[in-house]
file run_5.csv (CSV, C-alpha atoms and all ligand atoms)
chain,number,residue,atom,x,y,z
E,5,MET,CA,105.9,84.8,128.4
E,6,CYS,CA,104.2,81.6,129.1
E,7,GLY,CA,103.4,79.6,132.2
E,8,ILE,CA,105.0,76.4,133.5
E,9,VAL,CA,103.6,74.4,136.4
E,10,GLY,CA,104.9,71.1,137.7
E,11,TYR,CA,103.6,69.1,140.7
E,12,ILE,CA,104.5,66.0,142.7
E,13,GLY,CA,102.2,65.2,145.6
E,14,HIS,CA,99.2,63.7,147.1
E,15,LYS,CA,96.6,66.1,145.7
E,16,LYS,CA,94.8,65.5,142.4
E,17,VAL,CA,97.6,66.4,140.0
E,18,SER,CA,95.5,67.8,137.1
E,19,THR,CA,93.5,70.1,139.4
E,20,VAL,CA,96.7,71.5,140.9
E,21,LEU,CA,98.2,72.0,137.5
E,22,LEU,CA,95.1,73.7,136.0
E,23,ASP,CA,94.7,75.9,139.1
E,24,GLY,CA,98.4,77.0,138.8
E,25,LEU,CA,98.0,77.7,135.1
E,26,ARG,CA,95.0,79.8,135.8
E,27,ARG,CA,97.0,82.0,138.2
E,28,LEU,CA,99.6,82.5,135.5
E,29,GLU,CA,97.0,83.6,132.9
E,30,TYR,CA,98.1,87.2,133.4
E,31,ARG,CA,101.3,86.3,131.5
E,32,GLY,CA,99.3,85.8,128.2
E,33,TYR,CA,98.9,82.6,126.2
E,34,ASP,CA,97.3,81.1,123.1
E,35,SER,CA,97.0,77.4,124.0
E,36,ALA,CA,97.6,75.1,126.9
E,37,GLY,CA,98.2,71.5,127.9
E,38,ILE,CA,99.1,69.2,130.7
E,39,ALA,CA,100.7,65.8,131.1
E,40,VAL,CA,100.2,63.4,134.0
E,41,ILE,CA,102.1,60.2,134.7
E,42,ASN,CA,100.5,57.2,136.4
E,43,GLY,CA,102.8,54.3,136.8
E,44,GLY,CA,104.1,53.4,133.4
E,45,SER,CA,101.6,55.5,131.4
E,46,ILE,CA,101.5,59.1,130.5
E,47,GLN,CA,98.5,61.1,129.5
E,48,VAL,CA,98.7,64.3,127.6
E,49,VAL,CA,95.7,66.7,127.1
E,50,ARG,CA,96.2,69.9,125.1
E,51,SER,CA,94.0,72.5,123.6
E,52,ALA,CA,94.2,75.6,121.5
E,53,GLY,CA,92.6,78.7,123.0
E,54,LYS,CA,91.8,79.4,126.6
E,55,LEU,CA,92.1,77.3,129.7
E,56,ARG,CA,88.4,76.7,129.8
E,57,ASP,CA,88.9,74.9,126.4
E,58,LEU,CA,91.5,72.7,128.1
E,59,GLU,CA,89.2,72.2,131.1
E,60,GLU,CA,86.5,71.0,128.7
E,61,SER,CA,88.9,68.5,127.2
E,62,LEU,CA,90.0,67.4,130.6
E,63,ARG,CA,86.3,66.8,131.6
E,64,LEU,CA,86.2,64.1,128.9
E,65,THR,CA,89.4,62.4,130.1
E,66,ASN,CA,90.0,60.8,133.4
E,67,LEU,CA,93.4,62.1,134.1
E,68,GLU,CA,94.8,60.2,137.1
E,69,GLY,CA,98.4,60.3,138.2
E,70,THR,CA,100.9,61.1,140.8
E,71,PHE,CA,103.0,63.8,139.1
E,72,GLY,CA,102.8,66.0,136.1
E,73,VAL,CA,103.5,69.3,134.3
E,74,GLY,CA,101.3,71.9,132.7
E,75,HIS,CA,101.9,74.8,130.3
E,76,THR,CA,100.3,77.9,128.8
E,77,ARG,CA,101.9,78.6,125.5
E,78,TRP,CA,102.5,81.9,123.8
E,79,ALA,CA,103.7,80.8,120.4
E,80,THR,CA,107.0,82.0,119.0
E,81,HIS,CA,107.7,79.1,116.6
E,82,GLY,CA,104.7,77.4,115.0
E,83,ARG,CA,101.1,78.3,114.9
E,84,PRO,CA,99.0,78.4,118.1
E,85,THR,CA,97.3,75.0,117.3
E,86,GLU,CA,96.6,72.0,119.5
E,87,GLU,CA,99.5,70.0,117.8
E,88,ASN,CA,101.9,72.8,118.7
E,89,ALA,CA,100.7,73.2,122.2
E,90,HIS,CA,103.0,71.8,125.0
E,91,PRO,CA,103.8,69.3,126.5
E,92,HIS,CA,105.9,67.9,123.6
E,93,ARG,CA,106.8,64.3,123.4
E,94,ASP,CA,109.9,62.4,122.3
E,95,CYS,CA,109.6,59.6,119.7
E,96,THR,CA,108.6,57.0,122.3
E,97,GLY,CA,105.9,59.2,123.8
E,98,SER,CA,107.2,58.3,127.3
E,99,LEU,CA,109.0,61.6,127.9
E,100,VAL,CA,107.5,65.1,127.7
E,101,VAL,CA,108.8,68.7,127.9
E,102,VAL,CA,107.2,72.0,128.6
E,103,HIS,CA,109.2,75.1,127.7
E,104,ASN,CA,109.2,78.8,127.9
E,105,GLY,CA,111.5,80.8,125.6
E,106,ILE,CA,113.3,80.2,122.3
E,107,ILE,CA,115.7,77.6,121.2
E,108,GLU,CA,117.6,79.6,118.6
E,109,ASN,CA,119.5,76.7,117.1
E,110,TYR,CA,116.5,74.4,116.9
E,111,LYS,CA,116.8,74.1,113.1
E,112,ASP,CA,120.3,72.7,113.3
E,113,LEU,CA,119.4,70.4,116.1
E,114,LYS,CA,116.3,69.2,114.3
E,115,ARG,CA,118.3,68.4,111.2
E,116,GLU,CA,120.9,66.5,113.2
E,117,LEU,CA,118.3,64.5,115.2
E,118,SER,CA,116.2,63.8,112.1
E,119,ALA,CA,119.3,62.4,110.4
E,120,VAL,CA,119.6,59.8,113.2
E,121,GLY,CA,116.0,58.8,112.9
E,122,HIS,CA,114.0,61.1,115.1
E,123,GLN,CA,110.5,61.9,114.0
E,124,PHE,CA,109.2,65.4,114.6
E,125,LYS,CA,105.5,66.0,114.9
E,126,THR,CA,105.3,69.8,115.6
E,127,GLU,CA,106.4,73.1,114.2
E,128,THR,CA,107.9,74.2,117.5
E,129,ASP,CA,111.5,74.8,118.5
E,130,THR,CA,110.6,73.1,121.9
E,131,GLU,CA,110.3,69.6,120.5
E,132,VAL,CA,114.1,69.4,119.9
E,133,ILE,CA,114.6,69.4,123.7
E,134,ALA,CA,112.5,66.2,124.1
E,135,HIS,CA,114.4,64.4,121.2
E,136,LEU,CA,117.8,65.6,122.5
E,137,ILE,CA,117.1,64.1,125.9
E,138,GLU,CA,115.8,60.9,124.2
E,139,GLU,CA,118.9,60.7,122.1
E,140,ASN,CA,121.2,61.0,125.1
E,141,ARG,CA,119.3,58.2,126.8
E,142,LYS,CA,119.4,56.1,123.7
E,143,LYS,CA,123.2,56.3,123.6
E,144,THR,CA,123.5,55.4,127.3
E,145,PRO,CA,120.7,53.0,128.2
E,146,GLY,CA,119.5,53.4,131.8
E,147,LEU,CA,120.6,57.1,131.9
E,148,ALA,CA,118.6,59.0,134.5
E,149,LEU,CA,116.4,61.8,133.2
E,150,GLU,CA,118.5,64.5,135.0
E,151,GLU,CA,121.7,63.2,133.2
E,152,GLY,CA,119.8,63.2,129.9
E,153,VAL,CA,118.9,66.8,130.5
E,154,ARG,CA,122.4,67.7,131.8
E,155,ARG,CA,123.8,66.5,128.5
E,156,ALA,CA,121.1,68.3,126.4
E,157,VAL,CA,121.5,71.7,128.0
E,158,PRO,CA,124.9,72.7,126.6
E,159,ARG,CA,123.5,72.0,123.1
E,160,LEU,CA,120.7,74.5,123.5
E,161,GLN,CA,121.3,78.1,122.4
E,162,GLY,CA,118.8,80.8,123.4
E,163,SER,CA,116.8,81.6,126.5
E,164,TYR,CA,114.7,79.0,128.1
E,165,ALA,CA,113.1,77.6,131.2
E,166,PHE,CA,111.8,74.0,130.8
E,167,ALA,CA,110.6,71.0,132.8
E,168,ALA,CA,110.8,67.4,131.7
E,169,ILE,CA,109.1,64.2,133.0
E,170,SER,CA,109.3,60.6,131.9
E,171,THR,CA,107.6,57.3,132.7
E,172,GLN,CA,111.0,55.8,133.3
E,173,ASP,CA,111.7,58.2,136.1
E,174,PRO,CA,108.8,57.9,138.6
E,175,GLN,CA,108.0,60.9,140.8
E,176,LYS,CA,110.6,63.1,139.3
E,177,ILE,CA,110.5,66.5,137.5
E,178,VAL,CA,113.7,67.9,136.0
E,179,ALA,CA,113.7,71.6,135.4
E,180,ALA,CA,116.4,73.9,133.9
E,181,ARG,CA,116.7,77.6,133.5
E,182,ASN,CA,118.6,80.0,131.3
E,183,GLY,CA,116.6,83.2,131.2
E,184,PRO,CA,112.9,83.0,132.0
E,185,PRO,CA,112.2,82.6,135.7
E,186,LEU,CA,111.5,79.3,137.5
E,187,VAL,CA,110.5,79.0,141.1
E,188,ILE,CA,110.5,75.8,143.2
E,189,GLY,CA,108.0,75.4,146.0
E,190,LEU,CA,108.4,73.1,148.9
E,191,GLY,CA,105.3,71.8,150.6
E,192,LYS,CA,104.5,69.1,153.1
E,193,ASP,CA,105.2,65.9,151.1
E,194,GLU,CA,104.6,67.8,147.9
E,195,TYR,CA,106.8,69.8,145.6
E,196,PHE,CA,106.1,72.4,142.9
E,197,VAL,CA,107.8,74.0,139.9
E,198,ALA,CA,106.4,77.2,138.4
E,199,SER,CA,107.1,80.3,136.4
E,200,ASP,CA,105.9,82.6,139.2
E,201,ILE,CA,105.0,82.5,142.9
E,202,PRO,CA,101.2,83.1,142.6
E,203,ALA,CA,100.8,79.7,140.8
E,204,ILE,CA,101.8,77.8,144.0
E,205,LEU,CA,101.1,80.2,146.9
E,206,HIS,CA,97.8,78.5,147.8
E,207,HIS,CA,99.8,75.4,148.5
E,208,THR,CA,103.1,76.5,150.0
E,209,ARG,CA,105.0,79.7,151.1
E,210,ASP,CA,108.5,78.1,151.1
E,211,VAL,CA,110.1,78.8,147.7
E,212,PHE,CA,113.4,79.5,146.0
E,213,PHE,CA,114.3,80.6,142.5
E,214,LEU,CA,116.6,78.8,140.1
E,215,ASP,CA,119.4,80.9,138.8
E,216,ASP,CA,120.6,80.8,135.2
E,217,ARG,CA,122.3,77.6,134.2
E,218,GLU,CA,121.0,75.8,137.2
E,219,MET,CA,119.0,72.5,137.1
E,220,ALA,CA,116.6,71.2,139.7
E,221,VAL,CA,115.8,67.6,140.2
E,222,VAL,CA,112.5,67.5,142.1
E,223,THR,CA,111.3,64.2,143.5
E,224,ASP,CA,108.9,63.1,146.2
E,225,GLY,CA,111.9,63.0,148.6
E,226,GLY,CA,113.1,66.5,148.1
E,227,VAL,CA,114.9,68.9,145.6
E,228,VAL,CA,118.5,68.8,144.5
E,229,ILE,CA,120.0,71.8,142.6
E,230,THR,CA,123.1,71.6,140.5
E,231,ASN,CA,125.0,74.3,138.5
E,232,ALA,CA,126.3,74.0,134.9
E,233,ASP,CA,129.4,72.1,136.2
E,234,GLY,CA,127.2,69.5,137.8
E,235,HIS,CA,128.1,70.7,141.4
E,236,THR,CA,125.4,70.7,144.0
E,237,VAL,CA,124.2,74.2,144.9
E,238,LYS,CA,122.8,75.1,148.3
E,239,LYS,CA,119.8,77.4,148.1
E,240,SER,CA,118.2,79.3,151.0
E,241,VAL,CA,114.5,78.9,151.1
E,242,GLN,CA,112.5,82.1,151.1
E,243,ARG,CA,109.3,82.2,153.2
E,244,ILE,CA,106.6,84.3,151.4
E,245,THR,CA,104.6,86.0,154.2
E,246,TRP,CA,102.1,87.7,151.9
E,247,ASP,CA,98.7,86.3,151.6
E,248,PRO,CA,97.6,85.4,148.1
E,249,ILE,CA,95.9,88.8,147.5
E,250,MET,CA,98.9,90.6,148.8
E,251,ALA,CA,101.2,88.5,146.7
E,252,GLU,CA,99.1,89.4,143.6
E,253,LYS,CA,99.7,93.1,144.7
E,254,ALA,CA,103.4,92.2,145.3
E,255,GLY,CA,103.4,94.3,148.5
E,256,PHE,CA,102.0,97.5,146.9
E,257,LYS,CA,99.1,99.3,148.5
E,258,HIS,CA,96.8,98.8,145.5
E,259,PHE,CA,96.9,97.2,142.0
E,260,MET,CA,97.3,100.5,140.1
E,261,LEU,CA,100.5,101.4,142.0
E,262,LYS,CA,101.8,97.8,141.4
E,263,GLU,CA,101.1,98.1,137.7
E,264,ILE,CA,102.9,101.4,137.4
E,265,TYR,CA,106.0,100.1,139.1
E,266,GLU,CA,105.9,96.8,137.3
E,267,GLN,CA,106.0,98.3,133.8
E,268,PRO,CA,109.7,97.9,133.2
E,269,ARG,CA,109.8,94.3,134.5
E,270,ALA,CA,106.6,93.4,132.7
E,271,ILE,CA,108.1,94.5,129.4
E,272,ARG,CA,111.4,92.8,130.1
E,273,ASP,CA,109.7,89.5,131.1
E,274,THR,CA,107.3,89.6,128.2
E,275,LEU,CA,110.0,90.0,125.7
E,276,LEU,CA,112.6,87.8,127.3
E,277,GLY,CA,111.4,84.6,125.7
E,278,ARG,CA,110.7,86.3,122.4
E,279,VAL,CA,114.0,88.1,121.6
E,280,SER,CA,116.8,86.2,119.8
E,281,GLN,CA,120.0,86.9,121.7
E,282,GLU,CA,121.9,86.0,118.6
E,283,SER,CA,120.2,88.1,115.9
E,284,GLY,CA,118.3,90.6,118.0
E,285,ARG,CA,115.1,89.5,116.1
E,286,ILE,CA,111.9,89.8,118.0
E,287,PHE,CA,109.3,87.0,117.5
E,288,LEU,CA,105.9,88.6,117.4
E,289,ASP,CA,104.8,86.9,114.2
E,290,GLU,CA,101.4,85.8,115.3
E,291,MET,CA,100.4,89.4,116.0
E,292,GLU,CA,100.7,90.1,112.3
E,293,ILE,CA,101.9,93.7,112.7
E,294,SER,CA,103.1,94.9,109.3
E,295,ASP,CA,106.4,96.8,108.9
E,296,GLN,CA,104.2,99.8,107.9
E,297,GLU,CA,102.2,99.6,111.1
E,298,PHE,CA,105.4,99.6,113.1
E,299,ARG,CA,106.7,102.6,111.2
E,300,ASP,CA,103.4,104.4,111.8
K,401,LIG,N1,109.1,78.8,121.7
K,401,LIG,C1,108.1,77.9,122.3
K,401,LIG,C2,106.9,77.7,121.3
K,401,LIG,O1,106.7,78.5,120.4
K,401,LIG,C3,107.7,78.4,123.6
K,401,LIG,C4,106.8,79.6,123.6
K,401,LIG,C5,106.4,80.0,125.0
K,401,LIG,O2,107.3,80.6,125.8
K,401,LIG,O3,105.2,79.9,125.4
K,401,LIG,O4,106.2,76.7,121.5
call {"tool": "encode", "arguments": {"input": "run_5.csv", "output": "structure tokens", "more": "lines below"}}
Ligand code: GLU
result
Amino acid sequence: MCGIVGYIGHKKVSTVLLDGLRRLEYRGYDSAGIAVINGGSIQVVRSAGKLRDLEESLRLTNLEGTFGVGHTRWATHGRPTEENAHPHRDCTGSLVVVHNGIIENYKDLKRELSAVGHQFKTETDTEVIAHLIEENRKKTPGLALEEGVRRAVPRLQGSYAFAAISTQDPQKIVAARNGPPLVIGLGKDEYFVASDIPAILHHTRDVFFLDDREMAVVTDGGVVITNADGHTVKKSVQRITWDPIMAEKAGFKHFMLKEIYEQPRAIRDTLLGRVSQESGRIFLDEMEISDQEFRD
């Protein structure tokens, strides 16, 4: 289970992203990164380890921009290194993706995309999403990011939540879900994408969740949701009335009670992005638990 945060608005983007990621730390992670777009240029800062390592790298970079995405990664495919940390770029470096989950057919897609000239730089399954979108846009010059994503999604097998941004699509975040949760937050002239409500609750209380196989196009003018057939979906906005502390307690009287009741969901959410729906294989490689230890 990793953390995704996206932001379009008037506040300092990198600060909002980092703060959101911090509030998703409870989900567990091994590396982190953010990408911010400023006009025609994109800046990506990533780091292995904890968010304070990322913060350190950010201190050395002046990350200015008007929208961006951030990610805490819990590796399933590829070592927990800086190179494998999200966001991942396409060949041009102008489009990036953050992703939670597993793309089960990534090897086939990688082979197919490499054969038509795409250069892969990481060991992750995620990188294929960026190159797939790039390929769709290469075939149809001028194709909007959401259309590139819409054409990529049916090619992806597995469970995923992801968000993509591109310098060619100013003030726009495209997010898609098939499995791991994604919440959209509506603020005053600002919009958010996140893996869970606490990441954005300090900024807005008006939210809605994407359902499976839905896609959100978030711009500075609003949010449009479409389903797998491309039809617009009307969502009712949920107003979260809890204060941030209550939200962290999810309405329970105290944290211990919350943790007891949350156990089934915590296990389900933790494993959701790490179980292959096709083979039933569980990806916990980096924990290096031997077969014998499991048996014991
Ligand atoms: N499968 C992806 C990776 O290994 C995403 C992992 C995650 O959900 O953090 O990079």
call {"tool": "atom_distance", "arguments": {"input": "run_5.csv", "atom1": "CA of Leu186 in chain E", "atom2": "CA of Ser199 in chain E"}}
result
4.6 Å
call {"tool": "closest_residue", "arguments": {"input": "run_5.csv", "among": "E:Lys176, E:Arg217, E:His103, E:Lys262", "to": "Val157 in chain E", "atoms": "all atoms listed in the file"}}
result
E:Arg217
call {"tool": "residues_around", "arguments": {"input": "run_5.csv", "residues": "range 189-195 of chain E", "least_positions_apart": "2", "cutoff": "7 Å", "atoms": "only C-alpha atoms", "output": "JSON, numbers by chain"}}
result
{"E": [11, 12, 13, 14, 187, 197, 204, 207, 208, 210, 211, 212, 224]}
call {"tool": "closest_residue", "arguments": {"input": "run_5.csv", "among": "E:Glu108, E:Asp200, E:Glu68, E:Glu131", "to": "Arg26 in chain E", "atoms": "all atoms listed in the file"}}
result
E:Asp200
call {"tool": "closest_residue", "arguments": {"input": "run_5.csv", "among": "E:Gly255, E:Gly10, E:Pro268, E:Pro84", "to": "ligand LIG 401 (chain K)", "atoms": "all atoms listed in the file"}}
result
E:Pro84
call {"tool": "residues_around", "arguments": {"input": "run_5.csv", "residues": "Leu21 in chain E", "least_positions_apart": "4", "cutoff": "7 Å", "atoms": "only C-alpha atoms", "output": "list in words"}}
result
Val9, Gly10, Tyr11, Val17, Leu25, Val73 and Gly74 of chain E
call {"tool": "residues_near_ligand", "arguments": {"input": "run_5.csv", "ligand": "ligand LIG 401 (chain K)", "cutoff": "6 Å", "atoms": "all atoms listed in the file", "output": "PyMOL selection string"}}
result
chain E and resi 5-6+77-82+103-106+128-130+277
call {"tool": "closest_residue", "arguments": {"input": "run_5.csv", "among": "E:Ala167, E:Ala251, E:Val153, E:Val49", "to": "Leu205 in chain E", "atoms": "only C-alpha atoms"}}
result
E:Ala251
call {"tool": "residues_around", "arguments": {"input": "run_5.csv", "residues": "Asp215 in chain E", "least_positions_apart": "4", "cutoff": "10 Å", "atoms": "only C-alpha atoms", "output": "list of chain:residue names"}}
result
E:Ala180, E:Arg181, E:Asn182, E:Gly183, E:Pro184, E:Pro185, E:Leu186, E:Val187, E:Met219, E:Ile229, E:Asn231, E:Lys239
call {"tool": "atom_distance", "arguments": {"input": "run_5.csv", "atom1": "CA of Glu282 in chain E", "atom2": "CA of Arg115 in chain E"}}
result
19.4 Å
call {"tool": "residues_around", "arguments": {"input": "run_5.csv", "residues": "Val221 in chain E", "least_positions_apart": "2", "cutoff": "8 Å", "atoms": "only C-alpha atoms", "output": "JSON, numbers by chain"}}
result
{"E": [150, 176, 177, 178, 179, 219, 223, 227, 228, 229]}
call {"tool": "decode", "arguments": {"input": "run_5.csv", "residues": "range 150-161 of chain E", "atoms": "all heavy atoms", "output": "PDB file, in the first residue's frame"}}
result
ATOM      1  N   GLU E 150      -5.933  12.769 -21.100  1.00  0.00           N
ATOM      2  CA  GLU E 150      -6.988  11.844 -20.659  1.00  0.00           C
ATOM      3  C   GLU E 150      -7.303  10.793 -21.723  1.00  0.00           C
ATOM      4  O   GLU E 150      -7.639   9.659 -21.409  1.00  0.00           O
ATOM      5  CB  GLU E 150      -8.255  12.586 -20.229  1.00  0.00           C
ATOM      6  CG  GLU E 150      -8.919  13.470 -21.250  1.00  0.00           C
ATOM      7  CD  GLU E 150      -8.388  14.908 -21.197  1.00  0.00           C
ATOM      8  OE1 GLU E 150      -7.175  15.079 -20.948  1.00  0.00           O
ATOM      9  OE2 GLU E 150      -9.175  15.838 -21.440  1.00  0.00           O
ATOM     10  N   GLU E 151      -7.157  11.186 -23.006  1.00  0.00           N
ATOM     11  CA  GLU E 151      -7.424  10.210 -24.075  1.00  0.00           C
ATOM     12  C   GLU E 151      -6.278   9.202 -24.161  1.00  0.00           C
ATOM     13  O   GLU E 151      -6.501   8.021 -24.407  1.00  0.00           O
ATOM     14  CB  GLU E 151      -7.638  10.913 -25.418  1.00  0.00           C
ATOM     15  CG  GLU E 151      -8.883  11.802 -25.447  1.00  0.00           C
ATOM     16  CD  GLU E 151     -10.138  11.094 -24.922  1.00  0.00           C
ATOM     17  OE1 GLU E 151     -10.332   9.894 -25.226  1.00  0.00           O
ATOM     18  OE2 GLU E 151     -10.905  11.718 -24.187  1.00  0.00           O
ATOM     19  N   GLY E 152      -5.066   9.684 -23.915  1.00  0.00           N
ATOM     20  CA  GLY E 152      -3.920   8.772 -23.878  1.00  0.00           C
ATOM     21  C   GLY E 152      -4.082   7.758 -22.756  1.00  0.00           C
ATOM     22  O   GLY E 152      -3.791   6.572 -22.916  1.00  0.00           O
ATOM     23  N   VAL E 153      -4.579   8.237 -21.612  1.00  0.00           N
ATOM     24  CA  VAL E 153      -4.808   7.349 -20.466  1.00  0.00           C
ATOM     25  C   VAL E 153      -5.961   6.395 -20.773  1.00  0.00           C
ATOM     26  O   VAL E 153      -5.873   5.191 -20.535  1.00  0.00           O
ATOM     27  CB  VAL E 153      -5.107   8.169 -19.183  1.00  0.00           C
ATOM     28  CG1 VAL E 153      -5.562   7.268 -18.044  1.00  0.00           C
ATOM     29  CG2 VAL E 153      -3.885   8.974 -18.764  1.00  0.00           C
ATOM     30  N   ARG E 154      -7.037   6.938 -21.345  1.00  0.00           N
ATOM     31  CA  ARG E 154      -8.216   6.109 -21.646  1.00  0.00           C
ATOM     32  C   ARG E 154      -7.846   4.941 -22.560  1.00  0.00           C
ATOM     33  O   ARG E 154      -8.350   3.838 -22.421  1.00  0.00           O
ATOM     34  CB  ARG E 154      -9.298   6.964 -22.318  1.00  0.00           C
ATOM     35  CG  ARG E 154     -10.693   6.347 -22.215  1.00  0.00           C
ATOM     36  CD  ARG E 154     -11.741   7.100 -23.009  1.00  0.00           C
ATOM     37  NE  ARG E 154     -11.813   8.515 -22.725  1.00  0.00           N
ATOM     38  CZ  ARG E 154     -12.321   9.027 -21.612  1.00  0.00           C
ATOM     39  NH1 ARG E 154     -12.794   8.240 -20.679  1.00  0.00           N
ATOM     40  NH2 ARG E 154     -12.354  10.329 -21.415  1.00  0.00           N
ATOM     41  N   ARG E 155      -6.940   5.189 -23.505  1.00  0.00           N
ATOM     42  CA  ARG E 155      -6.527   4.120 -24.425  1.00  0.00           C
ATOM     43  C   ARG E 155      -5.523   3.164 -23.769  1.00  0.00           C
ATOM     44  O   ARG E 155      -5.343   2.043 -24.222  1.00  0.00           O
ATOM     45  CB  ARG E 155      -5.927   4.718 -25.701  1.00  0.00           C
ATOM     46  CG  ARG E 155      -6.997   5.420 -26.519  1.00  0.00           C
ATOM     47  CD  ARG E 155      -6.431   6.123 -27.712  1.00  0.00           C
ATOM     48  NE  ARG E 155      -7.413   7.094 -28.216  1.00  0.00           N
ATOM     49  CZ  ARG E 155      -7.302   7.755 -29.329  1.00  0.00           C
ATOM     50  NH1 ARG E 155      -6.248   7.568 -30.100  1.00  0.00           N
ATOM     51  NH2 ARG E 155      -8.226   8.608 -29.704  1.00  0.00           N
ATOM     52  N   ALA E 156      -4.844   3.651 -22.727  1.00  0.00           N
ATOM     53  CA  ALA E 156      -3.848   2.796 -22.058  1.00  0.00           C
ATOM     54  C   ALA E 156      -4.512   1.825 -21.074  1.00  0.00           C
ATOM     55  O   ALA E 156      -4.096   0.673 -20.944  1.00  0.00           O
ATOM     56  CB  ALA E 156      -2.834   3.670 -21.312  1.00  0.00           C
ATOM     57  N   VAL E 157      -5.548   2.306 -20.395  1.00  0.00           N
ATOM     58  CA  VAL E 157      -6.157   1.539 -19.305  1.00  0.00           C
ATOM     59  C   VAL E 157      -6.609   0.125 -19.705  1.00  0.00           C
ATOM     60  O   VAL E 157      -6.322  -0.839 -18.985  1.00  0.00           O
ATOM     61  CB  VAL E 157      -7.296   2.372 -18.653  1.00  0.00           C
ATOM     62  CG1 VAL E 157      -8.263   1.505 -17.885  1.00  0.00           C
ATOM     63  CG2 VAL E 157      -6.691   3.442 -17.750  1.00  0.00           C
ATOM     64  N   PRO E 158      -7.280  -0.049 -20.858  1.00  0.00           N
ATOM     65  CA  PRO E 158      -7.716  -1.423 -21.203  1.00  0.00           C
ATOM     66  C   PRO E 158      -6.545  -2.384 -21.427  1.00  0.00           C
ATOM     67  O   PRO E 158      -6.735  -3.596 -21.408  1.00  0.00           O
ATOM     68  CB  PRO E 158      -8.500  -1.229 -22.506  1.00  0.00           C
ATOM     69  CG  PRO E 158      -8.778   0.217 -22.618  1.00  0.00           C
ATOM     70  CD  PRO E 158      -7.710   0.924 -21.859  1.00  0.00           C
ATOM     71  N   ARG E 159      -5.337  -1.846 -21.627  1.00  0.00           N
ATOM     72  CA  ARG E 159      -4.171  -2.707 -21.845  1.00  0.00           C
ATOM     73  C   ARG E 159      -3.561  -3.198 -20.521  1.00  0.00           C
ATOM     74  O   ARG E 159      -2.714  -4.081 -20.514  1.00  0.00           O
ATOM     75  CB  ARG E 159      -3.069  -1.929 -22.609  1.00  0.00           C
ATOM     76  CG  ARG E 159      -3.474  -1.311 -23.925  1.00  0.00           C
ATOM     77  CD  ARG E 159      -3.696  -2.338 -25.034  1.00  0.00           C
ATOM     78  NE  ARG E 159      -2.815  -3.475 -25.040  1.00  0.00           N
ATOM     79  CZ  ARG E 159      -1.596  -3.513 -25.600  1.00  0.00           C
ATOM     80  NH1 ARG E 159      -1.128  -2.459 -26.206  1.00  0.00           N
ATOM     81  NH2 ARG E 159      -0.876  -4.621 -25.571  1.00  0.00           N
ATOM     82  N   LEU E 160      -3.978  -2.587 -19.420  1.00  0.00           N
ATOM     83  CA  LEU E 160      -3.350  -2.901 -18.130  1.00  0.00           C
ATOM     84  C   LEU E 160      -4.110  -4.008 -17.409  1.00  0.00           C
ATOM     85  O   LEU E 160      -5.318  -3.909 -17.217  1.00  0.00           O
ATOM     86  CB  LEU E 160      -3.332  -1.656 -17.225  1.00  0.00           C
ATOM     87  CG  LEU E 160      -2.661  -0.410 -17.791  1.00  0.00           C
ATOM     88  CD1 LEU E 160      -2.842   0.764 -16.839  1.00  0.00           C
ATOM     89  CD2 LEU E 160      -1.173  -0.678 -18.030  1.00  0.00           C
ATOM     90  N   GLN E 161      -3.374  -5.060 -17.030  1.00  0.00           N
ATOM     91  CA  GLN E 161      -3.974  -6.112 -16.211  1.00  0.00           C
ATOM     92  C   GLN E 161      -3.428  -5.989 -14.797  1.00  0.00           C
ATOM     93  O   GLN E 161      -2.246  -5.748 -14.611  1.00  0.00           O
ATOM     94  CB  GLN E 161      -3.616  -7.490 -16.763  1.00  0.00           C
ATOM     95  CG  GLN E 161      -4.362  -7.813 -18.046  1.00  0.00           C
ATOM     96  CD  GLN E 161      -3.749  -9.002 -18.759  1.00  0.00           C
ATOM     97  OE1 GLN E 161      -2.991  -9.772 -18.173  1.00  0.00           O
ATOM     98  NE2 GLN E 161      -4.056  -9.147 -20.035  1.00  0.00           N
TER      99      GLN E 161
END
